[in-house]
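So this one's data.csv, CSV, C-alpha atoms:
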```csv
chain,number,residue,atom,x,y,z
A,1,MET,CA,4.9,-2.2,-24.5
A,2,LYS,CA,7.6,-4.9,-24.7
A,3,ARG,CA,8.8,-3.9,-21.2
A,4,LEU,CA,5.3,-3.9,-19.9
A,5,ALA,CA,4.6,-7.3,-21.4
A,6,LEU,CA,7.9,-8.7,-19.9
A,7,THR,CA,7.0,-7.2,-16.5
A,8,ILE,CA,3.4,-8.6,-16.4
A,9,ALA,CA,4.7,-12.0,-17.7
A,10,LEU,CA,7.2,-12.1,-14.8
A,11,SER,CA,4.6,-11.1,-12.3
A,12,CYS,CA,2.2,-13.8,-13.6
A,13,ILE,CA,4.9,-16.5,-13.4
A,14,GLY,CA,5.9,-15.5,-9.9
A,15,GLY,CA,2.3,-15.2,-8.7
A,16,ALA,CA,1.4,-18.6,-10.2
A,17,ILE,CA,4.3,-20.3,-8.5
A,18,PHE,CA,3.5,-18.7,-5.1
A,19,SER,CA,-0.2,-19.4,-5.4
A,20,PHE,CA,0.5,-23.1,-6.4
A,21,LEU,CA,2.7,-23.4,-3.3
A,22,GLY,CA,-0.2,-22.1,-1.2
A,23,PHE,CA,1.5,-18.9,-0.1
A,24,PRO,CA,-0.9,-16.4,1.4
A,25,ALA,CA,-1.9,-13.7,-1.1
A,26,GLY,CA,0.3,-15.7,-3.5
A,27,TRP,CA,-0.6,-13.8,-6.7
A,28,LEU,CA,0.3,-10.5,-5.1
A,29,VAL,CA,3.4,-11.5,-3.2
A,30,GLY,CA,4.8,-13.8,-5.9
A,31,GLY,CA,4.4,-11.2,-8.6
A,32,MET,CA,6.1,-8.6,-6.5
A,33,ALA,CA,9.0,-10.9,-5.6
A,34,ALA,CA,9.6,-12.0,-9.2
A,35,VAL,CA,9.5,-8.5,-10.7
A,36,ALA,CA,11.7,-7.0,-7.9
A,37,THR,CA,14.3,-9.8,-8.4
A,38,ALA,CA,14.3,-9.2,-12.2
A,39,THR,CA,14.5,-5.4,-11.8
A,40,ILE,CA,17.5,-5.6,-9.4
A,41,ALA,CA,19.2,-8.0,-11.8
A,42,GLY,CA,18.9,-5.4,-14.5
A,43,LEU,CA,16.0,-6.6,-16.7
A,44,PRO,CA,14.1,-3.7,-18.3
A,45,THR,CA,10.8,-3.9,-16.3
A,46,ARG,CA,8.2,-1.2,-16.4
A,47,VAL,CA,4.6,-0.4,-15.5
A,48,PRO,CA,3.5,2.8,-17.2
A,49,GLY,CA,1.2,5.4,-15.6
A,50,TRP,CA,-1.9,4.5,-17.6
A,51,THR,CA,-1.6,0.9,-16.5
A,52,SER,CA,-1.5,2.0,-12.8
A,53,ALA,CA,-4.5,4.2,-13.4
A,54,LEU,CA,-6.5,1.5,-15.0
A,55,ASN,CA,-5.6,-0.9,-12.2
A,56,ALA,CA,-6.8,1.7,-9.6
A,57,VAL,CA,-10.2,2.0,-11.4
A,58,ILE,CA,-10.7,-1.7,-11.6
A,59,PHE,CA,-9.5,-2.3,-8.0
A,60,GLY,CA,-11.8,0.5,-6.7
A,61,ALA,CA,-14.8,-0.9,-8.6
A,62,SER,CA,-14.0,-4.4,-7.1
A,63,LEU,CA,-13.8,-2.9,-3.6
A,64,GLY,CA,-17.1,-1.1,-4.0
A,65,SER,CA,-18.8,-4.3,-4.8
A,66,ALA,CA,-18.0,-5.4,-1.2
A,67,VAL,CA,-19.9,-2.5,0.3
A,68,THR,CA,-23.2,-3.6,1.8
A,69,MET,CA,-25.9,-1.9,4.0
A,70,ASP,CA,-24.4,-3.6,7.0
A,71,ALA,CA,-21.0,-2.1,6.2
A,72,VAL,CA,-22.6,1.4,5.8
A,73,ALA,CA,-24.4,0.9,9.1
A,74,ALA,CA,-21.1,0.2,10.8
A,75,LEU,CA,-19.5,3.5,9.7
A,76,PRO,CA,-20.4,5.5,12.8
A,77,GLU,CA,-18.8,2.8,14.9
A,78,MET,CA,-15.5,3.4,13.0
A,79,ALA,CA,-14.9,6.7,14.8
A,80,SER,CA,-13.2,5.0,17.7
A,81,SER,CA,-10.9,2.9,15.5
A,82,LEU,CA,-10.1,6.1,13.5
A,83,PHE,CA,-9.0,7.7,16.7
A,84,PHE,CA,-6.6,4.9,17.3
A,85,LEU,CA,-5.5,5.1,13.7
A,86,PHE,CA,-4.3,8.7,14.3
A,87,ILE,CA,-2.4,7.6,17.4
A,88,SER,CA,-0.8,4.7,15.6
A,89,LEU,CA,0.2,7.0,12.7
A,90,VAL,CA,1.8,9.6,14.9
A,91,ALA,CA,3.5,7.0,17.2
A,92,SER,CA,5.0,5.0,14.3
A,93,ILE,CA,6.4,8.1,12.6
A,94,LEU,CA,8.0,9.3,15.8
A,95,ALA,CA,9.3,5.9,16.7
A,96,CYS,CA,10.9,5.2,13.2
A,97,SER,CA,12.4,8.6,13.0
A,98,LEU,CA,14.0,8.5,16.4
A,99,TYR,CA,15.2,4.9,15.8
A,100,LEU,CA,17.0,5.9,12.5
A,101,GLU,CA,18.5,9.0,14.1
A,102,LYS,CA,19.6,7.5,17.4
A,103,VAL,CA,20.6,3.9,16.4
A,104,HIS,CA,21.8,4.3,12.8
A,105,HIS,CA,22.8,8.0,13.1
A,106,TRP,CA,20.8,9.1,10.0
A,107,PRO,CA,20.5,12.9,9.5
A,108,GLU,CA,17.2,14.4,10.6
A,109,ALA,CA,15.9,14.9,7.1
A,110,GLU,CA,16.4,11.3,5.9
A,111,ALA,CA,15.1,9.9,9.1
A,112,ARG,CA,11.9,12.0,9.1
A,113,PHE,CA,11.0,11.4,5.4
A,114,THR,CA,11.8,7.7,5.6
A,115,SER,CA,9.5,7.4,8.7
A,116,ILE,CA,6.4,8.7,6.9
A,117,PRO,CA,4.4,5.6,6.1
A,118,GLY,CA,2.9,6.1,2.6
A,119,ALA,CA,2.1,8.9,0.2
A,120,LEU,CA,5.3,8.1,-1.6
A,121,THR,CA,5.1,10.7,-4.3
A,122,SER,CA,4.4,13.6,-1.8
A,123,VAL,CA,7.2,12.3,0.5
A,124,LEU,CA,9.8,12.2,-2.3
A,125,LEU,CA,8.9,15.7,-3.5
A,126,LEU,CA,9.2,17.1,0.1
A,127,ALA,CA,12.4,15.2,0.7
A,128,ASN,CA,13.9,16.6,-2.5
A,129,GLU,CA,12.8,20.1,-1.5
A,130,ALA,CA,14.5,19.7,1.9
A,131,GLY,CA,17.7,18.5,0.3
A,132,ALA,CA,17.5,15.0,1.8
A,133,SER,CA,19.5,12.1,0.4
A,134,MET,CA,17.0,10.6,-2.0
A,135,PRO,CA,18.5,7.0,-2.0
A,136,HIS,CA,18.1,6.9,1.8
A,137,VAL,CA,14.4,8.0,1.6
A,138,ALA,CA,13.5,6.1,-1.5
A,139,VAL,CA,15.1,2.8,-0.4
A,140,GLY,CA,13.5,3.1,3.1
A,141,GLN,CA,10.0,3.8,1.6
A,142,ILE,CA,10.2,1.0,-1.1
A,143,VAL,CA,11.7,-1.6,1.2
A,144,ARG,CA,9.0,-0.9,3.8
A,145,GLN,CA,6.3,-1.6,1.3
A,146,PHE,CA,8.0,-4.7,0.0
A,147,VAL,CA,8.5,-6.2,3.4
A,148,LEU,CA,5.0,-5.4,4.5
A,149,VAL,CA,3.5,-7.1,1.5
A,150,LEU,CA,5.8,-10.1,1.9
A,151,SER,CA,5.3,-10.5,5.6
A,152,MET,CA,1.8,-9.3,6.6
A,153,PRO,CA,-0.1,-12.0,4.6
A,154,VAL,CA,2.0,-14.8,6.3
A,155,ILE,CA,1.6,-13.2,9.8
A,156,LEU,CA,-2.1,-12.6,9.5
A,157,TYR,CA,-2.7,-16.0,7.8
A,158,LEU,CA,-1.3,-17.7,10.9
A,159,LEU,CA,-3.5,-15.7,13.3
A,160,PRO,CA,-6.7,-17.4,14.5
A,161,ASP,CA,-9.8,-16.4,12.4
A,162,ALA,CA,-7.7,-14.2,10.1
A,163,GLY,CA,-9.4,-15.5,7.0
A,164,THR,CA,-8.1,-17.1,3.8
A,165,HIS,CA,-7.8,-16.3,0.2
A,166,GLU,CA,-10.8,-18.6,-0.7
A,167,THR,CA,-13.0,-15.6,-1.8
A,168,VAL,CA,-11.0,-15.0,-5.0
A,169,GLN,CA,-10.8,-18.7,-5.8
A,170,HIS,CA,-14.5,-19.3,-5.4
A,171,ALA,CA,-15.5,-16.2,-7.4
A,172,ALA,CA,-13.3,-17.3,-10.3
A,173,ALA,CA,-15.9,-20.0,-11.2
A,174,ALA,CA,-18.8,-17.5,-11.3
A,175,PRO,CA,-20.1,-16.4,-14.8
A,176,VAL,CA,-19.2,-12.9,-15.9
A,177,ALA,CA,-22.0,-10.3,-16.0
A,178,TRP,CA,-20.5,-8.1,-18.7
A,179,LEU,CA,-23.0,-5.3,-18.5
A,180,ASP,CA,-22.6,-5.0,-14.7
A,181,LEU,CA,-18.8,-5.0,-15.2
A,182,VAL,CA,-18.9,-2.2,-17.8
A,183,LEU,CA,-21.2,-0.1,-15.6
A,184,MET,CA,-18.9,-0.6,-12.6
A,185,LEU,CA,-15.8,0.4,-14.5
A,186,GLY,CA,-17.5,3.3,-16.3
A,187,VAL,CA,-19.1,4.9,-13.3
A,188,GLY,CA,-16.1,4.2,-11.2
A,189,ALA,CA,-13.7,5.8,-13.7
A,190,ALA,CA,-16.0,8.9,-13.8
A,191,PHE,CA,-16.1,9.4,-10.1
A,192,GLY,CA,-12.4,8.6,-9.8
A,193,LYS,CA,-11.4,11.3,-12.3
A,194,TRP,CA,-13.6,13.8,-10.6
A,195,LEU,CA,-12.0,13.2,-7.2
A,196,GLU,CA,-8.6,13.2,-8.9
A,197,ARG,CA,-9.3,16.7,-10.4
A,198,LEU,CA,-10.2,17.9,-6.9
A,199,SER,CA,-6.8,16.7,-5.7
A,200,VAL,CA,-8.3,14.2,-3.3
A,201,PRO,CA,-5.5,11.8,-2.1
A,202,GLY,CA,-6.0,8.4,-3.8
A,203,GLY,CA,-8.9,10.0,-5.7
A,204,LEU,CA,-8.9,7.5,-8.6
A,205,LEU,CA,-9.2,4.5,-6.3
A,206,LEU,CA,-11.5,6.1,-3.8
A,207,GLY,CA,-13.8,7.5,-6.5
A,208,SER,CA,-14.1,4.2,-8.3
A,209,MET,CA,-14.9,2.5,-5.0
A,210,ILE,CA,-17.7,5.0,-4.2
A,211,GLY,CA,-19.2,4.8,-7.7
A,212,SER,CA,-19.3,1.0,-7.6
A,213,ALA,CA,-20.6,1.0,-4.1
A,214,GLY,CA,-23.5,3.3,-5.2
A,215,LEU,CA,-24.4,0.9,-8.0
A,216,HIS,CA,-24.5,-2.1,-5.7
A,217,LEU,CA,-26.3,-0.4,-2.9
A,218,SER,CA,-29.0,0.9,-5.3
A,219,GLY,CA,-29.4,-2.5,-6.8
A,220,ILE,CA,-28.5,-1.4,-10.3
A,221,VAL,CA,-25.6,-3.8,-10.2
A,222,THR,CA,-26.0,-7.1,-8.4
A,223,THR,CA,-22.9,-9.1,-9.2
A,224,PRO,CA,-19.3,-8.8,-8.0
A,225,PRO,CA,-16.3,-8.6,-10.5
A,226,PRO,CA,-15.1,-12.1,-11.6
A,227,GLY,CA,-12.3,-13.7,-9.7
A,228,TRP,CA,-9.9,-13.7,-12.6
A,229,LEU,CA,-10.1,-9.9,-12.6
A,230,MET,CA,-9.1,-9.8,-8.9
A,231,ILE,CA,-6.1,-12.0,-9.8
A,232,ALA,CA,-5.2,-9.6,-12.5
A,233,ILE,CA,-5.3,-6.7,-10.0
A,234,PHE,CA,-2.9,-8.6,-7.7
A,235,VAL,CA,-0.5,-9.4,-10.6
A,236,VAL,CA,-0.4,-5.7,-11.7
A,237,THR,CA,-0.1,-4.4,-8.2
A,238,GLY,CA,2.8,-6.8,-7.4
A,239,ALA,CA,4.5,-5.7,-10.6
A,240,MET,CA,4.1,-2.0,-9.7
A,241,ILE,CA,5.9,-2.6,-6.4
A,242,GLY,CA,8.7,-4.7,-8.0
A,243,THR,CA,9.5,-2.1,-10.7
A,244,ARG,CA,10.2,0.5,-8.0
A,245,PHE,CA,13.6,-1.0,-7.5
A,246,ASN,CA,14.8,0.1,-10.9
A,247,ARG,CA,16.4,3.3,-9.5
A,248,PHE,CA,18.9,1.5,-7.3
A,249,LYS,CA,22.1,-0.4,-7.6
A,250,PRO,CA,22.5,-3.6,-5.6
A,251,LEU,CA,25.3,-2.0,-3.5
A,252,ASP,CA,23.1,0.9,-2.6
A,253,LEU,CA,20.3,-1.5,-1.5
A,254,LEU,CA,22.7,-3.6,0.6
A,255,ARG,CA,24.1,-0.5,2.3
A,256,LEU,CA,20.7,0.8,3.3
A,257,LEU,CA,18.8,-2.5,3.7
A,258,ARG,CA,19.4,-3.1,7.4
A,259,PRO,CA,18.3,0.3,8.7
A,260,ALA,CA,15.3,0.2,6.4
A,261,LEU,CA,14.3,-3.3,7.5
A,262,GLU,CA,14.7,-2.5,11.2
A,263,SER,CA,12.6,0.7,10.8
A,264,VAL,CA,9.8,-1.5,9.2
A,265,VAL,CA,9.8,-3.8,12.2
A,266,VAL,CA,9.5,-0.8,14.5
A,267,ALA,CA,6.6,0.5,12.5
A,268,MET,CA,4.8,-2.9,12.4
A,269,ALA,CA,5.3,-3.4,16.1
A,270,VAL,CA,3.8,0.0,17.0
A,271,ALA,CA,0.9,-0.6,14.6
A,272,GLY,CA,0.3,-4.0,16.1
A,273,ILE,CA,0.3,-2.8,19.7
A,274,ILE,CA,-2.1,0.0,18.9
A,275,ALA,CA,-4.3,-2.4,17.0
A,276,LEU,CA,-4.4,-4.8,19.9
A,277,ILE,CA,-5.5,-2.0,22.2
A,278,ALA,CA,-8.1,-0.7,19.7
A,279,SER,CA,-9.6,-4.2,19.2
A,280,ALA,CA,-10.6,-4.2,22.9
A,281,PHE,CA,-12.6,-1.0,22.4
A,282,THR,CA,-14.2,-1.7,19.0
A,283,SER,CA,-16.0,-4.6,17.3
A,284,PHE,CA,-13.3,-5.0,14.7
A,285,ASP,CA,-10.9,-8.0,15.0
A,286,PHE,CA,-7.2,-7.6,15.7
A,287,ALA,CA,-6.1,-8.9,12.3
A,288,SER,CA,-8.2,-6.4,10.3
A,289,LEU,CA,-7.2,-3.5,12.6
A,290,TRP,CA,-3.5,-4.4,12.3
A,291,LEU,CA,-3.7,-4.4,8.6
A,292,ALA,CA,-5.7,-1.1,8.7
A,293,TYR,CA,-3.0,0.5,10.7
A,294,ALA,CA,-0.1,-1.1,8.9
A,295,PRO,CA,2.3,1.5,7.3
A,296,GLY,CA,2.0,0.3,3.8
A,297,GLY,CA,0.6,1.6,0.5
A,298,VAL,CA,-3.1,2.0,0.1
A,299,GLU,CA,-3.5,-0.4,-2.8
A,300,THR,CA,-1.2,-3.0,-1.5
A,301,MET,CA,-2.6,-3.2,2.0
A,302,ILE,CA,-6.2,-3.3,0.7
A,303,ALA,CA,-5.2,-6.0,-1.7
A,304,VAL,CA,-3.9,-8.1,1.2
A,305,SER,CA,-7.2,-7.6,3.0
A,306,VAL,CA,-9.1,-8.8,-0.1
A,307,ALA,CA,-6.8,-11.8,-0.6
A,308,LEU,CA,-7.1,-12.9,3.1
A,309,SER,CA,-10.9,-12.2,3.3
A,310,LEU,CA,-10.6,-9.7,6.1
A,311,GLU,CA,-12.9,-6.7,6.7
A,312,VAL,CA,-12.2,-5.1,3.3
A,313,VAL,CA,-14.5,-2.1,3.7
A,314,ALA,CA,-13.1,-1.2,7.1
A,315,VAL,CA,-9.5,-1.7,6.0
A,316,SER,CA,-10.1,0.4,2.9
A,317,LEU,CA,-11.6,3.3,4.6
A,318,HIS,CA,-8.9,3.4,7.3
A,319,HIS,CA,-6.2,3.5,4.7
A,320,PHE,CA,-7.9,6.3,2.8
A,321,VAL,CA,-8.2,8.3,6.0
A,322,ARG,CA,-4.5,7.5,6.7
A,323,LEU,CA,-3.6,8.8,3.3
A,324,LEU,CA,-5.5,12.0,3.8
A,325,LEU,CA,-3.9,12.5,7.2
A,326,LEU,CA,-0.4,11.9,5.8
A,327,ASN,CA,-0.9,14.5,3.0
A,328,LEU,CA,-2.0,17.0,5.7
A,329,LEU,CA,0.8,16.1,8.2
A,330,ALA,CA,3.7,15.5,5.9
A,331,PRO,CA,4.5,19.2,5.3
A,332,LEU,CA,4.4,19.8,9.0
A,333,TRP,CA,7.1,17.1,9.5
A,334,MET,CA,9.6,19.0,7.4
A,335,PRO,CA,12.9,19.3,9.2
A,336,ARG,CA,13.8,22.8,10.5
A,337,GLN,CA,16.7,22.9,8.0
A,338,SER,CA,18.4,20.6,5.6
A,339,ARG,CA,21.4,19.0,7.1
A,340,THR,CA,22.6,17.0,4.1
A,341,PRO,CA,22.9,17.9,0.4
A,342,SER,CA,21.0,15.9,-2.1
A,343,ILE,CA,22.9,13.2,-4.1
A,344,LEU,CA,22.7,15.4,-7.2
A,345,GLN,CA,24.4,18.2,-5.3
A,346,GLU,CA,27.0,15.8,-3.9
A,347,ASN,CA,27.8,14.6,-7.5
A,348,ARG,CA,28.3,18.2,-8.6
```
This entry written out as structure tokens:
Amino acid sequence: MKRLALTIALSCIGGAIFSFLGFPAGWLVGGMAAVATATIAGLPTRVPGWTSALNAVIFGASLGSAVTMDAVAALPEMASSLFFLFISLVASILACSLYLEKVHHWPEAEARFTSIPGALTSVLLLANEAGASMPHVAVGQIVRQFVLVLSMPVILYLLPDAGTHETVQHAAAAPVAWLDLVLMLGVGAAFGKWLERLSVPGGLLLGSMIGSAGLHLSGIVTTPPPGWLMIAIFVVTGAMIGTRFNRFKPLDLLRLLRPALESVVVAMAVAGIIALIASAFTSFDFASLWLAYAPGGVETMIAVSVALSLEVVAVSLHHFVRLLLLNLLAPLWMPRQSRTPSILQENR
């Protein structure tokens, strides 16, 4: 609990500073940067599993409150953008893998598993099974998420009509409807646990979103979560990303940083190009589509869309579909044979 308190305090301080400076998605980005810096410096940071689960339920319930009848009516139109999502996913995986293999001469296993954008737990398990070098894969995956959360808010904020983070600030002044909040969290947690037991990817977050959306669409609940709760979500999410650097020594990070950063740029460029093409064939704006196709974590990319007031429902559903596709495709992307021993085997 002391480590959790320290971690959340660091995230709050970093988030408050970035938000005060007017940084886009400041609570999320600042918290992530502060905790990551402290973690690399050796401070005992930690976000336990139950905190992550609670954050997923609250976040899902908050997302569900944004679902309206207009958003539901637009679901059939999403088929075209989901087709481009599949193209973007496959293209970015292939491009990153080839780049790491050909330019940086990474072995096939490391290049392949580092190129898979998301589904971190599944990817690390598959990488370990294939005997890939875990530092290569883990650093590549975590650096990608860090860079995306750090850069995407700035890039999208500078685009025309990309929205701002005013929604959170305005909602913070609204009175709290405690009964509505309890209903949202209770029903959301029940749906989330049900989907999680069915092994649905991102089940806790998705189920909570569905439960909350049902309450709002039926009129049982009429108020959104308070703004301070959204800020708390950003703080915890940023802390979760920052603590993932606790497995690595600074020298390991420096050695693998350049290939990881360059592969992120490749993935972002591919997603941006496909999003630009898709925006010409759908009614969704380029900024929302680029974030929907971005190769980042589900919670973090959705959090960015909320902070920048983009098309939250569309971005959320795209990332849930992307997560489902990744869990289906990742086993098919296993290398034909392991070309490098794991770090544990090397140490032995």
**Item:** Atom-to-atom span, CA of Val312 (chain A) and CA of Val67 (chain A), Å
**Value:**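 Here the two named atoms are 8.7 Å from each other.
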**Prompt:** Which residues come within 10 Å of Gln141 (chain A), counting all atoms listed in the file, excluding same-chain residues fewer than 5 positions away, as a PyMOL selection string?
**Reply:** chain A and resi 113-120+123-124+135-136+146+260+264+295-297
Taking (2.5, -6.2, 2.7) in the file's own coordinates, collect the residues within 12 Å, counting all atoms listed in the file, and hand them back as an mmCIF file with C-alpha atoms, in the frame of the given file.
```
data_model
loop_
_atom_site.group_PDB
_atom_site.id
_atom_site.type_symbol
_atom_site.label_atom_id
_atom_site.label_comp_id
_atom_site.auth_asym_id
_atom_site.auth_seq_id
_atom_site.Cartn_x
_atom_site.Cartn_y
_atom_site.Cartn_z
ATOM 1 C CA PRO A 24 -0.900 -16.400 1.400
ATOM 2 C CA ALA A 25 -1.900 -13.700 -1.100
ATOM 3 C CA GLY A 26 0.300 -15.700 -3.500
ATOM 4 C CA LEU A 28 0.300 -10.500 -5.100
ATOM 5 C CA VAL A 29 3.400 -11.500 -3.200
ATOM 6 C CA GLY A 30 4.800 -13.800 -5.900
ATOM 7 C CA MET A 32 6.100 -8.600 -6.500
ATOM 8 C CA ALA A 33 9.000 -10.900 -5.600
ATOM 9 C CA ILE A 142 10.200 1.000 -1.100
ATOM 10 C CA VAL A 143 11.700 -1.600 1.200
ATOM 11 C CA ARG A 144 9.000 -0.900 3.800
ATOM 12 C CA GLN A 145 6.300 -1.600 1.300
ATOM 13 C CA PHE A 146 8.000 -4.700 0.000
ATOM 14 C CA VAL A 147 8.500 -6.200 3.400
ATOM 15 C CA LEU A 148 5.000 -5.400 4.500
ATOM 16 C CA VAL A 149 3.500 -7.100 1.500
ATOM 17 C CA LEU A 150 5.800 -10.100 1.900
ATOM 18 C CA SER A 151 5.300 -10.500 5.600
ATOM 19 C CA MET A 152 1.800 -9.300 6.600
ATOM 20 C CA PRO A 153 -0.100 -12.000 4.600
ATOM 21 C CA VAL A 154 2.000 -14.800 6.300
ATOM 22 C CA ILE A 155 1.600 -13.200 9.800
ATOM 23 C CA LEU A 156 -2.100 -12.600 9.500
ATOM 24 C CA PHE A 234 -2.900 -8.600 -7.700
ATOM 25 C CA THR A 237 -0.100 -4.400 -8.200
ATOM 26 C CA GLY A 238 2.800 -6.800 -7.400
ATOM 27 C CA ILE A 241 5.900 -2.600 -6.400
ATOM 28 C CA VAL A 264 9.800 -1.500 9.200
ATOM 29 C CA MET A 268 4.800 -2.900 12.400
ATOM 30 C CA TRP A 290 -3.500 -4.400 12.300
ATOM 31 C CA LEU A 291 -3.700 -4.400 8.600
ATOM 32 C CA ALA A 292 -5.700 -1.100 8.700
ATOM 33 C CA TYR A 293 -3.000 0.500 10.700
ATOM 34 C CA ALA A 294 -0.100 -1.100 8.900
ATOM 35 C CA PRO A 295 2.300 1.500 7.300
ATOM 36 C CA GLY A 296 2.000 0.300 3.800
ATOM 37 C CA GLY A 297 0.600 1.600 0.500
ATOM 38 C CA VAL A 298 -3.100 2.000 0.100
ATOM 39 C CA GLU A 299 -3.500 -0.400 -2.800
ATOM 40 C CA THR A 300 -1.200 -3.000 -1.500
ATOM 41 C CA MET A 301 -2.600 -3.200 2.000
ATOM 42 C CA ILE A 302 -6.200 -3.300 0.700
ATOM 43 C CA ALA A 303 -5.200 -6.000 -1.700
ATOM 44 C CA VAL A 304 -3.900 -8.100 1.200
ATOM 45 C CA SER A 305 -7.200 -7.600 3.000
ATOM 46 C CA ALA A 307 -6.800 -11.800 -0.600
ATOM 47 C CA LEU A 308 -7.100 -12.900 3.100
#
```
**Message:** Here is a test: counting only C-alpha atoms, which residue of A:Ile87, A:Leu75, A:Ile17, A:Val139 is nearest to Pro250 (chain A)?
**Reply:** A:Val139
**Request:** Could you give me, as a ChimeraX atom specification, the residues within 9 Å of region 51-60 of chain A, counting only C-alpha atoms and dropping anything in the same chain fewer than 5 positions from it?
**Result:** /A:65,184-186,188-189,192,202,204-212,225,229-230,232-233,236-237,240,299,303
**Request:** Could you please determine the separation between CA of Leu332 (chain A) and CA of His104 (chain A) in Å, to one decimal place?
**Result:**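 CA of His104 (chain A) lies 23.6 Å from CA of Leu332 (chain A).
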**Request:** Enter the distance from CA of Leu4 (chain A) to CA of Val47 (chain A), in Å, rounded to one decimal.
**Result:**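 It comes out at 5.7 Å.
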**Prompt:** Which residue, A:Ala267, A:Leu325, A:Leu158, A:Ala190, has the smallest gap to Phe86 (chain A) when you use all atoms listed in the file?
**Reply:**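 Answer, going by the shortest atom-to-atom distance: A:Leu325.
Counting all atoms listed in the file and comparing A:Ala314, A:Pro76, A:Gly49, A:Ser92, the residue that lies closest to Gly272 (chain A) is A:Ser92.
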**Message:** My list of candidates is A:Ala73, A:Ala61, A:Ala271, A:Ala138. Which is closest to Asn246 (chain A) when distances are computed with only C-alpha atoms?
**Reply:**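 Closest to Asn246 (chain A), using only C-alpha atoms: A:Ala138.
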Using 4 Å of padding on each side, determine the axis-aligned box around all atoms of region 16-32 of chain A present in the file and give its centre and edge lengths in Å to one decimal, as lines of an AutoDock Vina configuration file.
```
center_x = 2.1
center_y = -16.0
center_z = -4.4
size_x = 16.0
size_y = 22.8
size_z = 19.6
```
**Request:** Compile the contact shell of Leu98 (chain A) as a ChimeraX atom specification: residues with an atom at most 12 Å away, counting all atoms listed in the file, same-chain residues fewer than 3 positions apart removed.
**Result:** /A:91-95,101-115,263,266-267
**Request:** Write out as a list in words the residues lying within 10 Å of Leu6 (chain A), counting all atoms listed in the file and excluding same-chain residues fewer than 2 positions away.
**Result:**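 Non-adjacent residues within range: Met1, Lys2, Arg3, Leu4, Ile8, Ala9, Leu10, Ser11, Cys12, Val35, Leu43, Pro44, Thr45, Arg46 and Val47 of chain A.
Closest to Val313 (chain A) among A:Leu289, A:Leu89, A:Ile220, A:Ile231 is A:Leu289, based on all atoms listed in the file.
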**Prompt:** With all atoms listed in the file as the basis for distance, which of A:Leu181, A:Ile40, A:Ala330, A:Leu317 is at the shortest distance from Ala74 (chain A)?
**Reply:**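 Closest to Ala74 (chain A), using all atoms listed in the file: A:Leu317.
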